[in-house]
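Asks: What follows is start-v5.tsv, made up of TSV, C-alpha atoms and all ligand atoms:
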```tsv
chain	number	residue	atom	x	y	z
A	20	MET	CA	-24.36	-5.26	-6.31
A	21	ALA	CA	-23.27	-1.80	-5.31
A	22	SER	CA	-21.78	-1.20	-1.89
A	23	ARG	CA	-22.86	1.89	0.00
A	24	SER	CA	-19.57	3.55	-0.96
A	25	SER	CA	-19.99	2.91	-4.66
A	26	ALA	CA	-23.66	3.93	-4.51
A	27	ASP	CA	-22.68	7.22	-2.88
A	28	LEU	CA	-20.04	7.84	-5.54
A	29	GLU	CA	-22.43	6.95	-8.30
A	30	ALA	CA	-24.97	9.43	-6.95
A	31	LEU	CA	-22.29	12.08	-6.67
A	32	LEU	CA	-20.76	11.54	-10.08
A	33	GLY	CA	-23.87	10.55	-11.99
A	34	ARG	CA	-22.15	7.54	-13.51
A	35	GLU	CA	-21.50	3.88	-12.79
A	36	VAL	CA	-18.62	3.23	-10.41
A	37	ARG	CA	-16.85	0.03	-9.40
A	38	VAL	CA	-14.70	-0.21	-6.31
A	39	SER	CA	-11.94	-2.46	-5.02
A	40	ASN	CA	-9.18	-2.42	-2.51
A	41	ASP	CA	-6.74	0.35	-3.35
A	42	ALA	CA	-3.71	-1.65	-2.26
A	43	ASN	CA	-4.54	-4.40	-4.78
A	44	CYS	CA	-4.90	-1.81	-7.50
A	45	PHE	CA	-1.63	-0.17	-6.50
A	46	ALA	CA	0.25	-3.49	-6.51
A	47	LEU	CA	-1.19	-4.37	-9.92
A	48	SER	CA	-0.27	-1.06	-11.44
A	49	GLU	CA	3.32	-1.30	-10.24
A	50	ALA	CA	3.67	-5.00	-11.10
A	51	CYS	CA	2.56	-4.51	-14.67
A	52	ASP	CA	4.72	-1.69	-15.91
A	53	GLY	CA	6.05	-0.01	-12.82
A	54	ALA	CA	8.69	-0.67	-10.19
A	55	GLY	CA	7.90	-4.39	-10.06
A	56	LYS	CA	7.58	-5.06	-13.79
A	57	ASP	CA	10.36	-7.66	-13.85
A	58	ALA	CA	9.25	-9.47	-10.70
A	59	GLN	CA	7.22	-12.66	-10.49
A	60	THR	CA	5.83	-11.82	-7.08
A	61	VAL	CA	5.19	-8.25	-5.98
A	62	PHE	CA	4.06	-7.07	-2.58
A	63	GLY	CA	2.69	-3.55	-2.80
A	64	ALA	CA	2.63	-1.79	0.56
A	65	ILE	CA	0.72	1.43	1.00
A	66	LEU	CA	2.04	3.60	3.83
A	67	GLY	CA	-0.21	6.63	4.04
A	68	THR	CA	-2.88	7.77	6.44
A	69	GLY	CA	-3.53	4.04	6.71
A	70	VAL	CA	-1.44	0.97	5.96
A	71	GLY	CA	-2.42	-1.76	3.53
A	72	GLY	CA	-0.94	-4.22	1.11
A	73	GLY	CA	-1.67	-6.12	-2.06
A	74	ILE	CA	-0.07	-9.11	-3.77
A	75	VAL	CA	0.44	-9.72	-7.49
A	76	VAL	CA	1.77	-13.11	-8.63
A	77	ARG	CA	2.83	-13.49	-12.26
A	78	GLY	CA	0.69	-10.57	-13.30
A	79	ASN	CA	-2.45	-11.50	-11.41
A	80	VAL	CA	-3.84	-9.99	-8.24
A	81	LEU	CA	-4.09	-12.52	-5.44
A	82	VAL	CA	-7.46	-11.82	-3.88
A	83	GLY	CA	-8.37	-14.79	-1.67
A	84	PRO	CA	-11.75	-16.00	-0.39
A	85	ASN	CA	-11.98	-13.17	2.12
A	86	ALA	CA	-10.64	-10.53	-0.30
A	87	ILE	CA	-7.95	-9.54	2.20
A	88	ALA	CA	-4.78	-11.05	0.71
A	89	GLY	CA	-1.85	-8.81	1.59
A	90	GLU	CA	-3.71	-6.73	4.15
A	91	TRP	CA	-1.08	-6.82	6.85
A	92	GLY	CA	-1.69	-3.38	8.32
A	93	HIS	CA	-3.83	-4.78	11.11
A	94	ASN	CA	-1.49	-7.54	12.10
A	95	PRO	CA	0.46	-6.70	15.25
A	96	LEU	CA	3.87	-5.12	14.85
A	97	PRO	CA	6.23	-8.12	14.85
A	98	TRP	CA	8.99	-8.61	17.43
A	99	PRO	CA	7.82	-5.66	19.55
A	100	THR	CA	10.08	-4.15	22.14
A	101	ASP	CA	8.80	-3.60	25.67
A	102	ASP	CA	8.14	0.08	25.01
A	103	GLU	CA	6.12	-0.79	21.90
A	104	ARG	CA	3.65	-2.89	23.86
A	105	PRO	CA	0.66	-2.74	23.96
A	106	GLY	CA	0.84	0.04	21.37
A	107	ALA	CA	-1.74	2.62	20.40
A	108	GLN	CA	-5.40	1.83	20.09
A	109	CYS	CA	-6.35	1.12	16.48
A	110	PHE	CA	-9.72	1.86	14.93
A	111	CYS	CA	-10.06	-1.86	14.18
A	112	GLY	CA	-10.44	-2.63	17.88
A	113	HIS	CA	-6.96	-3.98	18.55
A	114	THR	CA	-3.86	-2.26	19.87
A	115	GLY	CA	-0.39	-2.15	18.39
A	116	CYS	CA	-1.39	-2.80	14.78
A	117	ILE	CA	1.29	-2.20	12.15
A	118	GLU	CA	-0.84	0.68	10.92
A	119	THR	CA	-0.61	2.49	14.25
A	120	PHE	CA	3.19	2.58	13.84
A	121	LEU	CA	3.77	2.89	10.11
A	122	SER	CA	1.05	5.27	8.93
A	123	GLY	CA	1.87	8.97	8.68
A	124	PRO	CA	-0.21	9.70	11.80
A	125	GLY	CA	1.63	6.81	13.48
A	126	LEU	CA	5.02	8.46	12.92
A	127	GLU	CA	3.64	11.80	14.09
A	128	ARG	CA	2.22	10.24	17.26
A	129	ASP	CA	5.51	8.47	17.96
A	130	TYR	CA	7.42	11.74	17.56
A	131	PHE	CA	4.97	13.55	19.85
A	132	SER	CA	5.17	10.89	22.55
A	133	ALA	CA	8.98	11.12	22.51
A	134	THR	CA	9.37	14.89	22.30
A	135	GLY	CA	6.06	16.50	23.34
A	136	LYS	CA	6.10	18.40	20.06
A	137	ARG	CA	3.78	18.07	17.11
A	138	LEU	CA	5.22	17.89	13.62
A	139	THR	CA	3.92	16.48	10.37
A	140	SER	CA	5.63	13.39	8.99
A	141	ILE	CA	7.10	15.54	6.20
A	142	ASP	CA	8.55	17.93	8.77
A	143	ILE	CA	9.94	15.04	10.80
A	144	GLU	CA	11.78	13.72	7.76
A	145	SER	CA	13.11	17.14	6.80
A	146	GLY	CA	14.06	17.82	10.41
A	147	ALA	CA	16.11	14.62	10.44
A	148	ALA	CA	17.79	15.65	7.20
A	149	GLY	CA	18.63	18.96	8.85
A	150	GLY	CA	20.28	17.28	11.82
A	151	ASP	CA	17.50	17.46	14.43
A	152	ALA	CA	18.16	14.64	16.89
A	153	GLY	CA	14.53	14.07	17.90
A	154	CYS	CA	13.45	13.82	14.28
A	155	GLU	CA	16.34	11.53	13.43
A	156	GLN	CA	15.52	9.19	16.29
A	157	ALA	CA	11.87	9.07	15.24
A	158	MET	CA	12.88	8.23	11.68
A	159	ARG	CA	15.19	5.46	12.90
A	160	ARG	CA	12.40	3.97	15.02
A	161	TYR	CA	10.12	4.13	11.99
A	162	GLU	CA	12.70	2.40	9.78
A	163	ALA	CA	13.32	-0.33	12.33
A	164	ARG	CA	9.59	-0.98	12.62
A	165	LEU	CA	9.11	-1.02	8.85
A	166	ALA	CA	12.00	-3.48	8.56
A	167	ARG	CA	10.36	-5.85	11.04
A	168	ALA	CA	6.93	-5.50	9.44
A	169	LEU	CA	8.30	-6.25	5.97
A	170	ALA	CA	10.54	-9.07	7.22
A	171	HIS	CA	7.37	-10.76	8.41
A	172	VAL	CA	5.94	-10.46	4.88
A	173	ILE	CA	9.16	-11.79	3.32
A	174	ASN	CA	9.20	-14.80	5.64
A	175	ILE	CA	5.70	-15.76	4.48
A	176	LEU	CA	5.45	-14.60	0.87
A	177	ASP	CA	9.10	-14.25	-0.23
A	178	PRO	CA	8.33	-11.66	-2.91
A	179	ASP	CA	10.90	-10.63	-5.50
A	180	THR	CA	10.02	-6.99	-5.06
A	181	ILE	CA	8.32	-4.86	-2.45
A	182	VAL	CA	6.99	-1.57	-3.82
A	183	LEU	CA	6.09	1.20	-1.42
A	184	GLY	CA	3.20	3.56	-2.03
A	185	GLY	CA	1.32	6.14	-0.02
A	186	GLY	CA	2.71	9.42	1.22
A	187	MET	CA	5.43	7.82	3.35
A	188	SER	CA	6.90	6.18	0.24
A	189	ASN	CA	8.28	9.59	-0.72
A	190	MET	CA	10.82	9.32	2.11
A	191	GLN	CA	13.82	8.36	0.03
A	192	ARG	CA	15.96	7.30	2.99
A	193	LEU	CA	13.72	4.26	3.60
A	194	TYR	CA	15.02	2.43	0.53
A	195	ALA	CA	18.61	2.40	1.76
A	196	ALA	CA	17.97	2.01	5.47
A	197	VAL	CA	15.29	-0.65	5.69
A	198	PRO	CA	17.06	-3.45	3.75
A	199	THR	CA	20.07	-3.09	6.03
A	200	LEU	CA	17.77	-3.63	9.00
A	201	TRP	CA	15.42	-6.37	7.84
A	202	ALA	CA	18.09	-9.05	7.40
A	203	ALA	CA	18.15	-9.60	11.16
A	204	TRP	CA	14.53	-10.79	11.05
A	205	ILE	CA	14.43	-12.72	7.77
A	206	PHE	CA	14.92	-16.47	7.97
A	207	SER	CA	17.57	-16.64	5.27
A	208	ASP	CA	21.31	-16.12	5.14
A	209	ARG	CA	20.88	-14.06	2.00
A	210	VAL	CA	18.09	-11.66	1.09
A	211	ASP	CA	17.59	-10.73	-2.56
A	212	THR	CA	14.22	-9.01	-2.15
A	213	ALA	CA	14.25	-5.50	-3.57
A	214	LEU	CA	12.62	-2.60	-1.75
A	215	VAL	CA	11.71	0.05	-4.29
A	216	ARG	CA	9.76	3.23	-4.65
A	217	ASN	CA	6.74	3.29	-6.92
A	218	VAL	CA	7.18	4.50	-10.49
A	219	HIS	CA	3.67	5.75	-11.14
A	220	GLY	CA	3.25	7.96	-8.09
A	221	ASP	CA	2.33	7.32	-4.47
A	222	SER	CA	-1.31	6.88	-5.52
A	223	SER	CA	-0.55	4.65	-8.48
A	224	GLY	CA	-3.54	2.48	-7.54
A	225	VAL	CA	-5.79	4.66	-9.62
A	226	ARG	CA	-4.19	3.14	-12.73
A	227	GLY	CA	-4.93	-0.37	-11.46
A	228	ALA	CA	-8.48	0.65	-10.58
A	229	ALA	CA	-9.09	1.31	-14.25
A	230	TRP	CA	-9.10	-2.48	-14.63
A	231	LEU	CA	-12.16	-3.15	-12.57
A	232	TRP	CA	-13.95	-3.56	-15.87
A	233	PRO	CA	-13.17	-7.12	-16.98
A	234	GLY	CA	-14.62	-8.42	-20.18
A	235	THR	CA	-14.74	-5.06	-21.88
A	236	ASP	CA	-12.72	-4.24	-24.94
A	237	ILE	CA	-9.81	-2.29	-23.51
A	238	ARG	CA	-9.33	0.06	-26.45
A	239	ARG	CA	-13.04	0.75	-26.66
A	240	ALA	CA	-13.31	1.29	-22.91
A	241	SER	CA	-10.59	3.90	-23.03
A	242	HIS	CA	-12.89	6.04	-25.12
A	243	ARG	CA	-15.86	5.76	-22.78
A	244	PRO	CA	-15.73	8.81	-20.54
A	245	HIS	CA	-19.04	7.95	-18.86
A	246	ARG	CA	-17.38	5.13	-16.95
A	247	ALA	CA	-15.26	5.77	-13.90
A	248	SER	CA	-13.31	3.55	-11.56
A	249	ALA	CA	-12.31	4.32	-8.02
A	250	SER	CA	-10.27	2.76	-5.29
A	251	TYR	CA	-11.09	3.25	-1.65
A	252	ASN	CA	-9.66	2.57	1.74
A	253	HIS	CA	-10.28	-0.67	3.62
A	254	ALA	CA	-12.70	-2.04	1.10
A	255	ARG	CA	-15.22	-4.64	2.12
A	256	THR	CA	-15.91	-6.05	-1.30
A	257	THR	CA	-18.95	-7.93	-2.45
A	258	THR	CA	-18.61	-11.29	-4.12
A	259	ALA	CA	-19.15	-9.71	-7.51
A	260	GLN	CA	-16.47	-7.14	-6.83
A	261	ARG	CA	-14.04	-9.82	-5.70
A	262	ALA	CA	-14.61	-11.61	-8.98
A	263	SER	CA	-13.93	-8.38	-10.84
A	264	THR	CA	-10.65	-7.86	-9.04
A	265	ALA	CA	-9.60	-11.46	-9.54
A	266	ASN	CA	-9.92	-11.03	-13.26
A	267	ILE	CA	-7.47	-8.17	-13.42
A	268	ALA	CA	-4.36	-9.16	-15.37
A	269	CYS	CA	-1.29	-7.30	-16.44
A	270	SER	CA	-1.98	-7.79	-20.10
A	271	GLU	CA	-5.22	-5.87	-19.70
A	272	LEU	CA	-3.57	-3.01	-17.85
A	273	GLN	CA	-0.74	-2.79	-20.33
A	274	ALA	CA	-3.23	-2.52	-23.15
A	275	PHE	CA	-4.82	0.40	-21.37
A	276	SER	CA	-1.75	2.14	-20.04
A	277	GLY	CA	-1.37	4.30	-23.09
A	278	GLU	CA	-4.08	6.51	-21.70
A	279	LYS	CA	-2.96	8.60	-18.76
A	280	ILE	CA	-5.17	8.42	-15.72
A	281	HIS	CA	-4.87	11.04	-13.03
A	282	GLY	CA	-6.29	11.06	-9.56
A	283	LYS	CA	-5.75	10.04	-6.00
A	284	SER	CA	-6.89	7.07	-3.97
A	285	LEU	CA	-8.63	7.84	-0.73
A	286	ARG	CA	-6.08	6.12	1.51
A	301	ZN	ZN	-5.84	-2.28	13.53
```
Can you turn what I pasted into C-alpha cells?
Replies:
Amino acid sequence: MASRSSADLEALLGREVRVSNDANCFALSEACDGAGKDAQTVFGAILGTGVGGGIVVRGNVLVGPNAIAGEWGHNPLPWPTDDERPGAQCFCGHTGCIETFLSGPGLERDYFSATGKRLTSIDIESGAAGGDAGCEQAMRRYEARLARALAHVINILDPDTIVLGGGMSNMQRLYAAVPTLWAAWIFSDRVDTALVRNVHGDSSGVRGAAWLWPGTDIRRASHRPHRASASYNHARTTTAQRASTANIACSELQAFSGEKIHGKSLR
C-alpha cells in the first residue's frame, strides 16, 4: 500500500520507494553504530524545521500501535512560564507545542518577538558567541525550554542516551548547557542520561531509512541501485509500513553500514 507521498516519489524517481518516520530512522541509525551505540535505550530527537522523536530499545525501533512512539514535538511545552502561555499557533491545531519553541523557526520567532529583529537560528547562535545580549538571551531561553522538554521524556522513558539531530543539533553549546538545566525537572537525585550530538550527521535518518526493506538479503540489497528508501516529515504510516519499521533491527543496519548512503531527510 503506497501512501500519496511514496506514490509521488515513485512517480518522480521511477522506482519503488518505501517511507517511514524520519525520527525513527534517525534514532535507529544512531543507536546502531552512532552516538548511542552503547546504550540500551536511545531517544533520538530531531530539532530542525520541525521537532520529532524516535525510540530504540535494545536495537529495535519502538513503533507502537499508532506509529507515533517518541513523537513528542506536539506535546505542550512542559512547566511553561506565564509568558510562554498560550504559545504560538501550531500547524497541528494546538498552541504552545514543543515544536513551536524548539524548531529553528521557533527560535527565530522567539528572537523576533523579543527584539523586533529577524535573524536566522544560525545567526542567533553566532551572535550569542560574539557577545550579542539579545542573541544570548534567546539561546538561554531555548536551552531552558529544551531542558524542560527533554526532562519530560526522561521522566517517562528514562533513556540511557538522548541523541540530537536536525539543524539545531549543530549548536554545540546545547550539550553542555542543557544537562545542567534539566536536573531541576527530573524526578531523580542523580541523572546519568547522556545528551550527545549525532555521529552520522544531522540527517542521519537516511541511513536508518535504508532498512525499510526487511526480509531482503542485506548484502544483495546493497547492490540493487533500482531500490531507494526515503524518510519524510510527520509520516502517517500504513499498517504495512508500520510492520516494515517494526522489523528494523540493528544487526540489519550494521550489516549494511559498510555502504555509504548520502542524502537529507525532508524534516
Ligand atoms: Zn503542534
Asks: Can you tell me, as a PyMOL selection string, what residues are no more than 8 Å from A:Ala157 when counting only C-alpha atoms, ignoring any on the same chain fewer than 4 positions away?
Replies: chain A and resi 126+129-130+143+153+161
Asks: Using all atoms listed in the file, which protein or nucleic acid residues come within 12 Å of A:Leu200? Drop anything in the same chain fewer than 6 positions from it, and give the result as a ChimeraX atom specification.
Replies: /A:159-170,193-194,210,214
Asks: Here is a test: counting only C-alpha atoms and all ligand atoms, which residue of A:Arg209, A:Arg137, A:Arg192, A:His93 is nearest to ligand ZN 301 (chain A)?
Replies: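 The shortest atom-to-atom distance to ligand ZN 301 (chain A) comes from A:His93.
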Asks: Quick one: distance from atom CA of A:Glu127 to atom CA of A:Leu47 in Å, one decimal?
Replies: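 That distance, rounded to one decimal, is 29.3 Å.
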Asks: For the atom pair atom CA of A:His219 and atom CA of A:Ala64, what is the interatomic distance in Å to one decimal place?
Replies: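 For atom CA of A:His219 relative to atom CA of A:Ala64, the distance reads 14.0 Å.
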Asks: Neighbours of ligand ZN 301 (chain A) within 10 Å, counting only C-alpha atoms and all ligand atoms, as a PDB file with C-alpha atoms, in the coordinates of the input?
Replies:
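out37.pdb, freshly written:
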```
ATOM      1  CA  GLY A  69      -3.530   4.040   6.710  1.00  0.00           C
ATOM      2  CA  VAL A  70      -1.440   0.970   5.960  1.00  0.00           C
ATOM      3  CA  TRP A  91      -1.080  -6.820   6.850  1.00  0.00           C
ATOM      4  CA  GLY A  92      -1.690  -3.380   8.320  1.00  0.00           C
ATOM      5  CA  HIS A  93      -3.830  -4.780  11.110  1.00  0.00           C
ATOM      6  CA  ASN A  94      -1.490  -7.540  12.100  1.00  0.00           C
ATOM      7  CA  PRO A  95       0.460  -6.700  15.250  1.00  0.00           C
ATOM      8  CA  ALA A 107      -1.740   2.620  20.400  1.00  0.00           C
ATOM      9  CA  GLN A 108      -5.400   1.830  20.090  1.00  0.00           C
ATOM     10  CA  CYS A 109      -6.350   1.120  16.480  1.00  0.00           C
ATOM     11  CA  PHE A 110      -9.720   1.860  14.930  1.00  0.00           C
ATOM     12  CA  CYS A 111     -10.060  -1.860  14.180  1.00  0.00           C
ATOM     13  CA  GLY A 112     -10.440  -2.630  17.880  1.00  0.00           C
ATOM     14  CA  HIS A 113      -6.960  -3.980  18.550  1.00  0.00           C
ATOM     15  CA  THR A 114      -3.860  -2.260  19.870  1.00  0.00           C
ATOM     16  CA  GLY A 115      -0.390  -2.150  18.390  1.00  0.00           C
ATOM     17  CA  CYS A 116      -1.390  -2.800  14.780  1.00  0.00           C
ATOM     18  CA  ILE A 117       1.290  -2.200  12.150  1.00  0.00           C
ATOM     19  CA  GLU A 118      -0.840   0.680  10.920  1.00  0.00           C
ATOM     20  CA  THR A 119      -0.610   2.490  14.250  1.00  0.00           C
TER      21      THR A 119
END
```
Asks: Between A:Val225, A:Gly55, A:Thr68, A:Asp101, single out the one closest to A:Thr139, counting only C-alpha atoms.
Replies: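 Between A:Val225, A:Gly55, A:Thr68, A:Asp101, the residue approaching A:Thr139 most closely is A:Thr68.
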Asks: Just checking: using only C-alpha atoms, which residue out of A:Asp142, A:Asn79, A:Asp208, A:Ala26 ends up closest to A:Ser48?
Replies: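 Of A:Asp142, A:Asn79, A:Asp208, A:Ala26, the one nearest A:Ser48 is A:Asn79, counting only C-alpha atoms.
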Asks: Could you check which of A:Pro105, A:Gly123, A:Gly78, A:Gly67 is closest to A:Asn43, using only C-alpha atoms?
Replies: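 Nearest to A:Asn43: A:Gly78.
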Asks: Please compute the atom CA of A:Met190-atom CA of A:Ile87 distance, one decimal, in Å.
Replies: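 Between these atoms lies a distance of 26.6 Å.
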Asks: Quick one: of A:Leu138, A:Leu183, A:Ile74, A:Ala88, who's nearest to A:Asp221, counting all atoms listed in the file?
Replies: A:Leu183
Asks: Find the residues near A:Thr60: any atom within 12 Å, counting all atoms listed in the file, skip ones fewer than 5 places away on the same chain, and give them as JSON, numbers by chain.
Replies: {"A": [46, 47, 49, 50, 51, 54, 55, 73, 74, 75, 76, 77, 78, 79, 80, 81, 89, 173, 176, 177, 178, 179, 180, 181, 182, 212, 213]}
Asks: Restricting the calculation to all atoms listed in the file, which member of A:Gly125, A:Arg226, A:Lys136, A:Ala42 is positioned closest to A:Phe62?
Replies: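 The shortest atom-to-atom distance to A:Phe62 comes from A:Ala42.
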Asks: Around all the atoms of stretch 216-224 of chain A listed in the file, draw an axis-aligned box and extend it by 5 Å on each of the six sides; I want its centre and edge lengths in Å to one decimal, as JSON.
Replies:
```
{"center_x": 3.1, "center_y": 5.2, "center_z": -7.8, "size_x": 23.3, "size_y": 15.5, "size_z": 16.7}
```
